[in-house]
Structures are given as C-alpha cells and as structure tokens.
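**Student:** Structure below; questions to follow.
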Amino acid sequence: MKKLAASFDLAAFFAGVIVTVWLASGKLWSASVDVAHHYALVKAIIDHFPVRGSPLPNLGEMNTYPAFSHFVAATISPFFASGMMAMFAIGVASIFVVYAAIAVILFRVSRSGATMGVVALLLLATLGVPVHGYELRANYFYSQIVGDALAYAMFAWVALYGRDRFLLDAAVYIAAIIIGYAHLIPALQILGAYGFLLFTYSTRSTQHRLRLIAWAGAGAAYLAFHPALATMIKIGEHEGSISLLALDAPYMTPALLAAALAIAAWALVQSIRSDDRTLRVLASLLVATFALSVGLIAAHDVAGMGSVYGFKKTLFAVATLTSGTFFVLITRSFSLIESIRPSLMASVSAVLLTFASLGRPTVDAHRLEVLRNAIHYSGYEYAPDKPVAVVEFPELPPPFNYLLTIGELGVPRDSRGMAVLLNDFKGVDGIQWELGDPVEGCQSQKVGAIYRTDFACWVAKSQLGLTSPRYSRIDPRDPSVVKAQVPIMIAKDYAFDTSGAGIRLIGWSSVEPTHRWSLGPSNAIELRLPSPNSVALCAVIRGGTYGPQTIGASVDGKQAMEQAANGETELVVPLGTKEGDTTITLTYSNPQIPPNDPRQVAFALRSIRVDACP
C-alpha cells in the first residue's frame with residue numbers, strides 16, 4: 001500500500017512538471033540582459049565543452065561562473081531543439097519544484113492551513129510581491145532558481161522520509177555540494193537549515209550532539225574548500241540593478257525580516273511542543289533563510305563585503321516562507337478538506353503559484369527561437385581574423401539582439417557586443433556586417449533566411465533608434481530557418497574554414513592560415529547529407545594531431561571508429577546510408593596545452609569530404 005501511495009505521489013509530481021512546462025512553452029517573462037549571459041554559457045558548453053580550458057571572449061565573468069544549471073540545459077537541449085528553449089523550460093520547471101516542495105511540507109503540517117497559505121501566496125504574487133518565481137520575472141536568476149529547486153526538494157525529502165542517522169546527514173551534505181555548483185545562496189540556505197534542525201535535536205542524545213559537531217566541521221570545510229565559493233563571493237560583490245516593487249518601499253524590508261524572525265520563533269516553539277518533525281523542518285528553513293539574509297546585509301553595511309544586490313536575492317525565499325508558515329500556524333488546528341492527498345494538492349498548488357508568480361509573459365519565446373535558428377544556420381560565427389557580424393532585428397528589444405550576437409555568433413563582450421546591447425554604434429570599430437532584415441539603399445545579400453548588410457551602409461541609412469519596430473520577414477516555415485540551406489556535396493573537398501553550406505563545425509578554435517584546432521577532449525561536425533540516399537557514405541577528415549592521440553568517432557551517438565594517430569592523418573568515418581542532418585562527434589585521448597597558448601588542442605582540421613566508402 002505504501003508503494004502504491006508513493007507511486008501516486010511521483011505521478012502527481014511528474015504530471016505537474018509536464019503540465020507546467022507545456023503551459024509555459026513559447027513564453028518568456030524577462031527581457032533582462034541576464035538571459036543573454038546565461039544562454040551564452042549554455043551555448044558555449046554545447047559547442048565548446050569543456051569551456052574551462054581557455055576563456056571565451058563572449059562569456060566575460062561567465063567563464064568562471066558555477067555552471068551546473070547550464071550543463072543541465074546543455075544536456076537536455078536535444079529534447080528542446082536548442083539550449084535556449086531547454087534553459088527556459090528548466091527555469092519554469094524549477095519554479096514548479098520549489099512550490100511543490102514547499103507545498104508538500106505545508107500540507108504535511110496542515111492541509112487546511114496549507115490551503116490558506118497557498119491562497120495567500122497566490123494573492124501576494126498577483127499583487128507583485130517578490131515571492132519565489134520573481135527570480136525569472138524581473139531579472140533572470142536562472143542558476144539561483146535551479147539551486148532553489150534542488151534545495152527545497154532535498155528538504156521536502158528530509159521532512160517526508162528522513163530518518164535521524166548519519167547517512168541522512170551525508171545525503172544532505174552531498175546535495176549542498178552539488179547545489180553549490182549552481183548557486184551559493186540556496187547552498188548556504190540548506191547548510192544552515194539542516195544545521196539548525198540538528199541543533200534543535202541536540203538535547204535528546206549524545207548521538208545527536210555528535211552529529212551536530214560533525215555537521216559544523218563539515219560546514220566549515222565546505223566554506224573553506226568548495227571550488228565554486230570564491231567565484232560566487234566575487235560575483236556577489238557586483239551591485240546589479242534589481243527592483244522588488246513592494247519591498248523597495250520604505251521600511252517594508254525591515255518589516256518583512258522582523259515578521260520572518262517572529263514567525264520562525266513561533267513555528268519552532270509549536271514544533272517542539274507538538275513534536276512535529278515537519279513543522280520543525282519548516283521552522284529551520286525559515287530561521288536559516290532569515291539568518292542568511294540578515295548576515296548578508298550586515299556584512300555589507302558593517303564590513304563592506306558583498307552587495308545589497310546579493311542581499312535582495314535572499315528576499316524571495318524570506319517572503320515565500322514567511323507567508324506560507326504564518327497561515328499554516330494560524331489555521332493548523334482546523335479540519336477542512338483533509339481527505340485529498342497532499343501530493344495532489346501540492347502539485348495543483350505549485351502549477352497555480354508558478355504562473356501567478358511569473359505574471360504575464362513579455363516575450364514570444366517561439367519567435368525568438370525562429371530568429372535564433374535563422375542566425376544559427378546563416379553560416380556566421382565569430383573568429384578573430386574574420387569580419388565581425390552583429391545581429392539587429394528591429395522587432396527584438398536590444399537585450400535579445402545582444403543574446404543572438406554574443407550567444408549565437410560568439411561576438412566578444414567588448415565595445416562591439418555592448419553596442420548591440422545599448423543600441424548605440426557611434427564610434428564603434430571592428431564591425432563589418434549587420435545581420436537581420438534587408439535595408440533599402442544598401443546591397444543586402446540573402447544568407448539563409450536572413451540578410452547581410454554592410455555595417456557602414458546600415459548605420460548611414462538610419463536603422464538605429466526605430467520608434468516602431470518592424471516584424472522581421474523571416475517565415476518559420478523557411479527550410480533555411482530549421483536546417484542548413486543545402487546538403488553537402490558528395491566527393492567535394494571542404495576546407496577547414498567552411499561553414500554554412502551543409503556543414504557546421506562545433507567546438508573548434510578560430511581559423512588559422514592552414515588549419516583549425518580542436519578545443520578540449522571532444523568536438524563535433526554537423527553535416528546535412530543528401531536525401532534520399534542509398535549509397536554507403538564515409539566522411540574523410542584530414543588533419544594532423546598535436547602529439548600522439550587516439551581519436552574516436554561516433555555518428556549520432558553511436559561509435560563508428562577509433563584510430564591511433566601521430567602527426568598528419570586521415571580519418572575515415574563510416575556514415576552508412578544516413579540522410580539529412582547527421583552529427584559526427586570526435587574524441588581525443590590526450591588533448592594538450594601548447595607553450596604560450598591557453599587552448600587545449602589535439603587535432604588540426606584541414607579538410608572534410610563525404611564520398612562513397614572505398
């Protein structure tokens with residue numbers, strides 16, 4: 001019977017995730033520049049994994065940003081056709097998980113009280129109070145909401161299934177380590193909350209006191225040695241812009257923190273009196289969140305460390321937990337609607353709270369994806385020794401032209417990238433082409449589904465500062481939007497600097513006079529093969545290795561060949577009778593960093609040819 005109940009709970013949860021992602025499909029709630037920066041890192045992981053070998057000029061501080069959430073988006077991107085759409089889906093799904101976990105805890109304490117708490121949160125979210133979900137509404141705190149989802153899910157598991165033993169402590173600690181690679185705030189929240197939970201039990205036995213001492217030591221080790229901590233502290237010093245509407249009013253934030261402290265103390269006393277473990281878990285979460293928030297603002301005001309920006313990012317959790325806990329406490333003695341399973345009520349509540357907290361979508365994500373595909377298959381990408389192109393679709397706000405410029409084309413975040421973001425190109429050098437709509441009076445050349453215009457002519461024809469953005473002429477049904485415009489030609493040698501005509505190189509360095517180096521332990525070559533095809537084809541890849549290498553090749557994820565090489569070599573990769581879009585992934589056994597060169601290289605590509613197999 002317990003297994004059947006657990007199966008129902010899981011089914012309700014996964015159904016809620018699917019419904020939430022489906023309802024959110026094609027919608028985006030933030031036009032923040034943060035969307036561009038997070039997507040650029042996701043795209044870099046897809047194209048240049050691993051990205052830590054050498055800094056990429058289009059990433060800026062994202063070169064060292066904890067990238068767990070971005071790796072997740074890159075991993076599932078094939079299911080969403082792009083890393084961008086995968087990132088949007090994960091963000092919304094994370095809000096659902098946050099509210100599902102909180103609702104499960106609340107409903108476990110009191111179903112009637114939790115119902116009142118959910119109604120109150122729905123009202124607060126509708127009024128614009130920054131509860132959870134606001135992370136993806138004003139700015140775009142993608143990594144934080146993913147970390148929040150993992151932290152709350154772990155605490156819901158502690159509340160429902162946790163047992164007092166060292167094994168549980170280890171599981172929570174491992175979760176905190178993983179969450180730290182997503183974002184620092186939820187990682188510190190779970191460390192503090194679980195530590196306080198152990199503290200409340202420390203008077204019961206020697207074993208509980210030993211567990212508390214062990215946790216304190218483990219927490220100190222976490223703060224001293226977690227690889228992502230120093231990076232997040234440095235990023236946390238940045239004073240960004242964030243508007244929290246209601247909480248930005250005078251005295252509102254101090255009033256919220258005071259209410260959080262009072263309600264946390266009330267919940268703790270009630271949990272000890274009634275020996276209610278779930279309520280004690282909820283109280284511990286609120287105490288830790290309050291302490292983290294006050295600690296961050298005190299560090300800024302007293303010691304000059306951190307930023308008000310970082311402090312404000314804790315208030316989403318403070319507002320959510322304070323409101324939910326308050327209504328559970330004042331109505332937990334009622335006995336209404338007690339017959340419905342908490343998991344089902346939590347899933348329904350989480351779906352409603354997700355969309356209430358996000359508000360009305362401001363961006364058509366499906367249209368943005370169409371334009372992204374058009375740029376993706378235009379054949380352009382940034383290289384230091386090639387003319388630089390920037391994106392300027394009049395229908396898009398500047399942050400999304402910036403997203404396509406730095407994320408899809410890889411243009412550096414220097415004066416050229418910033419010119420796109422600010423929509424101000426005066427005095428900016430180093431740009432030759434504008435990609436977007438055709439321009440009257442300029443010789444705009446069609447490349448795939450978009451047009452390439454000489455940058456100086458585009459500027460001269462007053463394409464900047466349009467008061468009424470035009471809808472771009474790109475038709476999502478245009479084949480060049482969704483695939484390479486033409487298939488690769490059989491028996492033709494394609495040089496190492498080819499891209500766009502049925503072939504796309506992913507994870508390779510910039511073009512050099514005679515070759516193009518691989519980056520990291522693996523990279524890829526996307527081909528569009530002729531269709532229909534009944535001939536067994538092979539891809540002949542010529543180049544040279546940096547030192548001895550064992551090179552493996554897989555075709556659409558299936559191992560196709562492996563070959564030892566040292567110096568000039570020819571790889572013959574069997575493709576069979578494949579047709580249409582095909583991806584060859586190359587792996588290298590010994591990528592190395594040459595002297596005076598930050599890149600990790602293994603294979604210098606010289607040419608590619610697809611022909612009938614010998």
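We name chains A, B, ... following the order of the structure tokens; residues begin at 1 in each chain, and ligands are numbered from 1 as shown.
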Quick one: everything within 9 Å of Trp266 of chain A, counting only C-alpha atoms, minus sequence neighbours fewer than 4 positions away in the same chain. Send it as a ChimeraX atom specification.

**Tutor:** /A:261-262,270-271,283,326,329

**Student:** Within 10 Å of Ser589 of chain A, counting only C-alpha atoms, which residues qualify if same-chain residues fewer than 3 places away don't, as a PyMOL selection string?

**Tutor:** chain A and resi 521-522+548-552+564+592+602

**Student:** Would you put the residues from that selection into a file with N, CA, C and O atoms, as an mmCIF file, in the first residue's frame?

**Tutor:**
```
data_model
loop_
_atom_site.group_PDB
_atom_site.id
_atom_site.type_symbol
_atom_site.label_atom_id
_atom_site.label_comp_id
_atom_site.auth_asym_id
_atom_site.auth_seq_id
_atom_site.Cartn_x
_atom_site.Cartn_y
_atom_site.Cartn_z
ATOM 1 N N PRO A 521 38.610 17.861 -25.084
ATOM 2 C CA PRO A 521 38.673 16.421 -25.381
ATOM 3 C C PRO A 521 37.684 15.954 -26.439
ATOM 4 O O PRO A 521 37.726 14.794 -26.842
ATOM 5 N N SER A 522 36.767 16.805 -26.887
ATOM 6 C CA SER A 522 35.805 16.381 -27.907
ATOM 7 C C SER A 522 35.261 17.587 -28.640
ATOM 8 O O SER A 522 35.263 18.706 -28.118
ATOM 9 N N PRO A 548 50.894 12.266 -29.927
ATOM 10 C CA PRO A 548 50.139 11.021 -30.152
ATOM 11 C C PRO A 548 48.716 11.143 -29.599
ATOM 12 O O PRO A 548 48.509 11.645 -28.491
ATOM 13 N N GLN A 549 47.753 10.687 -30.368
ATOM 14 C CA GLN A 549 46.347 10.725 -29.972
ATOM 15 C C GLN A 549 45.650 9.449 -30.409
ATOM 16 O O GLN A 549 45.989 8.872 -31.455
ATOM 17 N N THR A 550 44.701 9.015 -29.609
ATOM 18 C CA THR A 550 43.745 8.000 -30.065
ATOM 19 C C THR A 550 42.434 8.730 -30.304
ATOM 20 O O THR A 550 41.856 9.312 -29.388
ATOM 21 N N ILE A 551 42.004 8.734 -31.570
ATOM 22 C CA ILE A 551 40.829 9.526 -31.960
ATOM 23 C C ILE A 551 39.650 8.579 -32.177
ATOM 24 O O ILE A 551 39.736 7.613 -32.939
ATOM 25 N N GLY A 552 38.578 8.849 -31.471
ATOM 26 C CA GLY A 552 37.348 8.087 -31.656
ATOM 27 C C GLY A 552 36.320 8.936 -32.379
ATOM 28 O O GLY A 552 36.311 10.161 -32.262
ATOM 29 N N ALA A 564 44.518 5.311 -33.908
ATOM 30 C CA ALA A 564 45.691 5.939 -33.314
ATOM 31 C C ALA A 564 46.363 6.806 -34.374
ATOM 32 O O ALA A 564 46.447 6.425 -35.549
ATOM 33 N N GLN A 592 46.248 18.605 -25.257
ATOM 34 C CA GLN A 592 47.338 19.250 -24.528
ATOM 35 C C GLN A 592 47.279 20.761 -24.709
ATOM 36 O O GLN A 592 46.682 21.267 -25.657
ATOM 37 N N ALA A 602 44.169 19.136 -29.772
ATOM 38 C CA ALA A 602 44.528 17.745 -30.060
ATOM 39 C C ALA A 602 44.631 17.480 -31.558
ATOM 40 O O ALA A 602 45.498 16.733 -31.999
#
```

**Student:** Between atom CA of Ala40 of chain A and atom CA of Val21 of chain A, what distance in Å does the model show, to one decimal?

**Tutor:**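 Computing it gives 22.0 Å between the two atoms.
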
**Student:** To test your reading of the structure, identify every residue in segment 383-446 of chain A that backbone DSSP assigns to strand (DSSP E), and report it as a list in words.

**Tutor:**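 Answer for segment 383-446 of chain A, restricted to strand (DSSP E): Ala389, Val390, Val391, Glu392, Trp433, Glu434, Leu435, Gly436, Gln445 and Lys446 of chain A.
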
**Student:** Counting only C-alpha atoms, which of A:Arg413, A:Lys312, A:His226, A:His37 gets nearest to Leu184 of chain A?

**Tutor:**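 Distance minimum relative to Leu184 of chain A lands on A:His226.
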
**Student:** So that I can check the surroundings of Thr75 of chain A, please list as a list in words every protein, DNA and RNA residue that reaches within 10 Å of it, counting only C-alpha atoms and ignoring chain neighbours fewer than 3 positions away.

**Tutor:** Val42, Ile45, Ile46, Ser69, His70, Phe71, Val72, Pro78, Phe79, Gly83 and Ala86 of chain A

**Student:** Can you write out the residues you just picked, keeping all heavy atoms, as an mmCIF file, in the first residue's frame?

**Tutor:**
```cif
data_model
loop_
_atom_site.group_PDB
_atom_site.id
_atom_site.type_symbol
_atom_site.label_atom_id
_atom_site.label_comp_id
_atom_site.auth_asym_id
_atom_site.auth_seq_id
_atom_site.Cartn_x
_atom_site.Cartn_y
_atom_site.Cartn_z
ATOM 1 N N VAL A 42 25.359 28.428 -21.755
ATOM 2 C CA VAL A 42 24.761 27.162 -22.213
ATOM 3 C C VAL A 42 25.247 26.826 -23.624
ATOM 4 O O VAL A 42 25.659 25.689 -23.920
ATOM 5 C CB VAL A 42 23.221 27.252 -22.194
ATOM 6 C CG1 VAL A 42 22.603 26.014 -22.836
ATOM 7 C CG2 VAL A 42 22.713 27.393 -20.765
ATOM 8 N N ILE A 45 28.853 25.646 -23.725
ATOM 9 C CA ILE A 45 29.002 24.251 -23.282
ATOM 10 C C ILE A 45 28.610 23.302 -24.412
ATOM 11 O O ILE A 45 29.278 22.286 -24.653
ATOM 12 C CB ILE A 45 28.154 23.996 -22.021
ATOM 13 C CG1 ILE A 45 28.708 24.788 -20.841
ATOM 14 C CG2 ILE A 45 28.107 22.506 -21.683
ATOM 15 C CD1 ILE A 45 27.819 24.800 -19.618
ATOM 16 N N ILE A 46 27.545 23.621 -25.124
ATOM 17 C CA ILE A 46 27.118 22.776 -26.245
ATOM 18 C C ILE A 46 28.187 22.735 -27.335
ATOM 19 O O ILE A 46 28.509 21.670 -27.871
ATOM 20 C CB ILE A 46 25.783 23.281 -26.827
ATOM 21 C CG1 ILE A 46 24.656 23.106 -25.806
ATOM 22 C CG2 ILE A 46 25.433 22.555 -28.119
ATOM 23 C CD1 ILE A 46 23.341 23.745 -26.216
ATOM 24 N N SER A 69 23.769 24.323 -13.540
ATOM 25 C CA SER A 69 22.458 24.504 -14.172
ATOM 26 C C SER A 69 22.587 24.633 -15.689
ATOM 27 O O SER A 69 21.698 24.217 -16.435
ATOM 28 C CB SER A 69 21.758 25.727 -13.596
ATOM 29 O OG SER A 69 22.555 26.882 -13.747
ATOM 30 N N HIS A 70 23.696 25.188 -16.156
ATOM 31 C CA HIS A 70 23.908 25.361 -17.593
ATOM 32 C C HIS A 70 24.253 24.024 -18.248
ATOM 33 O O HIS A 70 23.846 23.764 -19.393
ATOM 34 C CB HIS A 70 25.011 26.384 -17.833
ATOM 35 C CG HIS A 70 24.771 27.684 -17.124
ATOM 36 N ND1 HIS A 70 25.154 27.879 -15.809
ATOM 37 C CD2 HIS A 70 24.164 28.828 -17.513
ATOM 38 C CE1 HIS A 70 24.804 29.109 -15.435
ATOM 39 N NE2 HIS A 70 24.196 29.703 -16.446
ATOM 40 N N PHE A 71 24.989 23.174 -17.530
ATOM 41 C CA PHE A 71 25.266 21.835 -18.048
ATOM 42 C C PHE A 71 23.974 21.027 -18.179
ATOM 43 O O PHE A 71 23.813 20.245 -19.113
ATOM 44 C CB PHE A 71 26.264 21.096 -17.147
ATOM 45 C CG PHE A 71 27.696 21.352 -17.499
ATOM 46 C CD1 PHE A 71 28.443 22.275 -16.785
ATOM 47 C CD2 PHE A 71 28.307 20.683 -18.545
ATOM 48 C CE1 PHE A 71 29.764 22.523 -17.102
ATOM 49 C CE2 PHE A 71 29.630 20.918 -18.871
ATOM 50 C CZ PHE A 71 30.367 21.844 -18.146
ATOM 51 N N VAL A 72 23.056 21.216 -17.236
ATOM 52 C CA VAL A 72 21.772 20.515 -17.318
ATOM 53 C C VAL A 72 21.025 20.947 -18.576
ATOM 54 O O VAL A 72 20.499 20.117 -19.336
ATOM 55 C CB VAL A 72 20.921 20.797 -16.066
ATOM 56 C CG1 VAL A 72 19.526 20.178 -16.218
ATOM 57 C CG2 VAL A 72 21.602 20.241 -14.817
ATOM 58 N N PRO A 78 18.897 18.573 -26.785
ATOM 59 C CA PRO A 78 18.340 17.865 -27.950
ATOM 60 C C PRO A 78 16.832 17.624 -27.865
ATOM 61 O O PRO A 78 16.161 17.543 -28.891
ATOM 62 C CB PRO A 78 19.115 16.537 -27.954
ATOM 63 C CG PRO A 78 20.402 16.847 -27.263
ATOM 64 C CD PRO A 78 20.032 17.840 -26.200
ATOM 65 N N PHE A 79 16.282 17.547 -26.651
ATOM 66 C CA PHE A 79 14.845 17.318 -26.498
ATOM 67 C C PHE A 79 14.031 18.594 -26.747
ATOM 68 O O PHE A 79 12.818 18.517 -26.942
ATOM 69 C CB PHE A 79 14.544 16.793 -25.091
ATOM 70 C CG PHE A 79 15.198 15.480 -24.788
ATOM 71 C CD1 PHE A 79 16.348 15.421 -24.020
ATOM 72 C CD2 PHE A 79 14.671 14.293 -25.288
ATOM 73 C CE1 PHE A 79 16.962 14.211 -23.743
ATOM 74 C CE2 PHE A 79 15.284 13.076 -25.021
ATOM 75 C CZ PHE A 79 16.429 13.027 -24.249
ATOM 76 N N GLY A 83 19.555 24.880 -26.852
ATOM 77 C CA GLY A 83 19.889 25.142 -25.461
ATOM 78 C C GLY A 83 19.060 26.257 -24.871
ATOM 79 O O GLY A 83 18.776 26.255 -23.672
ATOM 80 N N ALA A 86 15.669 24.873 -23.894
ATOM 81 C CA ALA A 86 15.882 23.986 -22.746
ATOM 82 C C ALA A 86 16.069 24.801 -21.471
ATOM 83 O O ALA A 86 15.517 24.458 -20.420
ATOM 84 C CB ALA A 86 17.095 23.093 -22.993
#
```

**Student:** For Ile488 of chain A, please output as a PDB file with N, CA and C atoms, in the first residue's frame all residues within 12 Å (counting only C-alpha atoms; exclusion window: fewer than 4 positions along the same chain).

**Tutor:**
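Below you can see out32.pdb, which holds the result:
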```pdb
ATOM      1  N   ALA A 484      20.441  23.449 -42.339  1.00  0.00           N
ATOM      2  CA  ALA A 484      21.385  24.019 -43.285  1.00  0.00           C
ATOM      3  C   ALA A 484      20.693  24.182 -44.639  1.00  0.00           C
ATOM      4  N   LYS A 492      33.234  16.271 -52.776  1.00  0.00           N
ATOM      5  CA  LYS A 492      33.838  17.606 -52.814  1.00  0.00           C
ATOM      6  C   LYS A 492      34.635  17.827 -51.543  1.00  0.00           C
ATOM      7  N   ASP A 493      35.853  18.366 -51.681  1.00  0.00           N
ATOM      8  CA  ASP A 493      36.672  18.705 -50.523  1.00  0.00           C
ATOM      9  C   ASP A 493      36.228  20.044 -49.954  1.00  0.00           C
ATOM     10  N   TYR A 494      35.876  20.048 -48.668  1.00  0.00           N
ATOM     11  CA  TYR A 494      35.513  21.278 -47.974  1.00  0.00           C
ATOM     12  C   TYR A 494      36.684  21.687 -47.072  1.00  0.00           C
ATOM     13  N   THR A 498      35.254  26.172 -43.787  1.00  0.00           N
ATOM     14  CA  THR A 498      33.909  26.123 -44.360  1.00  0.00           C
ATOM     15  C   THR A 498      32.873  26.023 -43.254  1.00  0.00           C
ATOM     16  N   SER A 499      31.770  26.732 -43.406  1.00  0.00           N
ATOM     17  CA  SER A 499      30.635  26.581 -42.506  1.00  0.00           C
ATOM     18  C   SER A 499      29.419  27.171 -43.171  1.00  0.00           C
ATOM     19  N   GLY A 500      28.300  26.488 -43.104  1.00  0.00           N
ATOM     20  CA  GLY A 500      27.053  27.034 -43.618  1.00  0.00           C
ATOM     21  C   GLY A 500      26.467  26.267 -44.771  1.00  0.00           C
ATOM     22  N   ALA A 501      27.292  25.775 -45.703  1.00  0.00           N
ATOM     23  CA  ALA A 501      26.777  25.086 -46.890  1.00  0.00           C
ATOM     24  C   ALA A 501      26.675  23.592 -46.615  1.00  0.00           C
ATOM     25  N   GLY A 502      25.740  23.199 -45.770  1.00  0.00           N
ATOM     26  CA  GLY A 502      25.557  21.795 -45.459  1.00  0.00           C
ATOM     27  C   GLY A 502      26.508  21.267 -44.418  1.00  0.00           C
ATOM     28  N   ILE A 503      27.304  22.145 -43.811  1.00  0.00           N
ATOM     29  CA  ILE A 503      28.299  21.697 -42.839  1.00  0.00           C
ATOM     30  C   ILE A 503      28.446  22.766 -41.761  1.00  0.00           C
ATOM     31  N   ARG A 504      28.585  22.314 -40.521  1.00  0.00           N
ATOM     32  CA  ARG A 504      28.778  23.247 -39.399  1.00  0.00           C
ATOM     33  C   ARG A 504      29.753  22.623 -38.420  1.00  0.00           C
ATOM     34  N   GLU A 526      28.715  18.889 -37.820  1.00  0.00           N
ATOM     35  CA  GLU A 526      27.344  18.651 -38.253  1.00  0.00           C
ATOM     36  C   GLU A 526      27.300  18.658 -39.781  1.00  0.00           C
ATOM     37  N   LEU A 527      26.697  17.614 -40.364  1.00  0.00           N
ATOM     38  CA  LEU A 527      26.561  17.515 -41.815  1.00  0.00           C
ATOM     39  C   LEU A 527      25.093  17.415 -42.189  1.00  0.00           C
ATOM     40  N   ARG A 528      24.748  17.958 -43.326  1.00  0.00           N
ATOM     41  CA  ARG A 528      23.430  17.691 -43.905  1.00  0.00           C
ATOM     42  C   ARG A 528      23.651  16.869 -45.159  1.00  0.00           C
ATOM     43  N   LEU A 529      23.344  15.569 -45.061  1.00  0.00           N
ATOM     44  CA  LEU A 529      23.589  14.634 -46.155  1.00  0.00           C
ATOM     45  C   LEU A 529      22.438  14.668 -47.154  1.00  0.00           C
ATOM     46  N   PRO A 530      22.731  14.318 -48.399  1.00  0.00           N
ATOM     47  CA  PRO A 530      21.662  14.315 -49.412  1.00  0.00           C
ATOM     48  C   PRO A 530      20.549  13.339 -49.050  1.00  0.00           C
ATOM     49  N   SER A 531      19.349  13.655 -49.472  1.00  0.00           N
ATOM     50  CA  SER A 531      18.197  12.793 -49.240  1.00  0.00           C
ATOM     51  C   SER A 531      17.349  12.775 -50.505  1.00  0.00           C
ATOM     52  N   ALA A 539      32.797   9.772 -44.284  1.00  0.00           N
ATOM     53  CA  ALA A 539      33.363  11.117 -44.159  1.00  0.00           C
ATOM     54  C   ALA A 539      34.869  10.973 -44.016  1.00  0.00           C
ATOM     55  N   GLU A 579      20.866   9.890 -44.135  1.00  0.00           N
ATOM     56  CA  GLU A 579      20.474  11.054 -44.918  1.00  0.00           C
ATOM     57  C   GLU A 579      20.015  12.145 -43.971  1.00  0.00           C
ATOM     58  N   GLY A 580      20.029  13.379 -44.475  1.00  0.00           N
ATOM     59  CA  GLY A 580      19.599  14.501 -43.650  1.00  0.00           C
ATOM     60  C   GLY A 580      20.643  14.880 -42.614  1.00  0.00           C
ATOM     61  N   ASP A 581      20.213  15.497 -41.521  1.00  0.00           N
ATOM     62  CA  ASP A 581      21.131  16.027 -40.504  1.00  0.00           C
ATOM     63  C   ASP A 581      21.807  14.902 -39.739  1.00  0.00           C
ATOM     64  N   THR A 582      23.151  14.949 -39.723  1.00  0.00           N
ATOM     65  CA  THR A 582      23.968  13.917 -39.093  1.00  0.00           C
ATOM     66  C   THR A 582      25.106  14.595 -38.345  1.00  0.00           C
ATOM     67  N   ILE A 608      37.474  18.280 -45.142  1.00  0.00           N
ATOM     68  CA  ILE A 608      36.441  17.253 -44.954  1.00  0.00           C
ATOM     69  C   ILE A 608      35.869  16.914 -46.328  1.00  0.00           C
ATOM     70  N   ARG A 609      35.644  15.638 -46.560  1.00  0.00           N
ATOM     71  CA  ARG A 609      34.993  15.215 -47.797  1.00  0.00           C
ATOM     72  C   ARG A 609      34.061  14.051 -47.494  1.00  0.00           C
ATOM     73  N   VAL A 610      32.876  14.074 -48.053  1.00  0.00           N
ATOM     74  CA  VAL A 610      31.949  12.945 -47.940  1.00  0.00           C
ATOM     75  C   VAL A 610      31.885  12.266 -49.301  1.00  0.00           C
ATOM     76  N   ASP A 611      32.107  10.962 -49.310  1.00  0.00           N
ATOM     77  CA  ASP A 611      32.151  10.227 -50.577  1.00  0.00           C
ATOM     78  C   ASP A 611      31.697   8.794 -50.325  1.00  0.00           C
TER      79      ASP A 611
END
```

**Student:** Could you check the closest approach to Pro361 of chain A for each of A:Pro598, A:Pro387, A:Pro513, A:Gly26 and tell me which residue wins, using only C-alpha atoms?

**Tutor:**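 Residue with the minimum atom-to-atom distance to Pro361 of chain A: A:Gly26.
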
**Student:** With distances taken over only C-alpha atoms, which of A:Met87, A:Ala317, A:Ala182, A:Leu150 is nearest to Leu292 of chain A?

**Tutor:**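 Ranked by minimum distance to Leu292 of chain A, first place goes to A:Ala317.
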
**Student:** Restricting the calculation to only C-alpha atoms: of A:Tyr173, A:Ala374, A:Ile593, A:Pro399, which residue gets closest to Val447 of chain A?

**Tutor:** A:Ala374

**Student:** Skipping near chain neighbours, those fewer than 4 positions away, what residues fall within 7 Å of His132 of chain A using only C-alpha atoms, listed as a PDB file with C-alpha atoms, in the first residue's frame?

**Tutor:**
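After the write, selection-v3.pdb holds the following:
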```pdb
ATOM      1  CA  PHE A 316      12.313  35.806  -2.487  1.00  0.00           C
ATOM      2  CA  ALA A 317      12.718  32.934  -0.026  1.00  0.00           C
ATOM      3  CA  THR A 320       7.586  32.986   0.475  1.00  0.00           C
ATOM      4  CA  SER A 357       4.440  34.493  -9.541  1.00  0.00           C
TER       5      SER A 357
END
```

**Student:** Looking at A:Thr314, A:Ser110, A:Asn566, A:Ser205, which one is nearest to His183 of chain A, with distances taken over only C-alpha atoms?

**Tutor:** A:Thr314

**Student:** To one decimal place, how far is atom CA of Ser307 of chain A from atom CA of Val294 of chain A in Å?

**Tutor:** 12.3 Å

**Student:** Could you pull out all residues of segment 355-523 of chain A with a DSSP call of helix (DSSP H, G or I) and give them as a PyMOL selection string?

**Tutor:** chain A and resi 355-358+365-376+398-408+415-422+455-460+479-482

**Student:** Which residue gives the smallest distance to Leu198 of chain A among A:Ser378, A:Ser444, A:Ser349, A:Ser284, with only C-alpha atoms counted?

**Tutor:**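 The answer is A:Ser284, which sits nearest to Leu198 of chain A.
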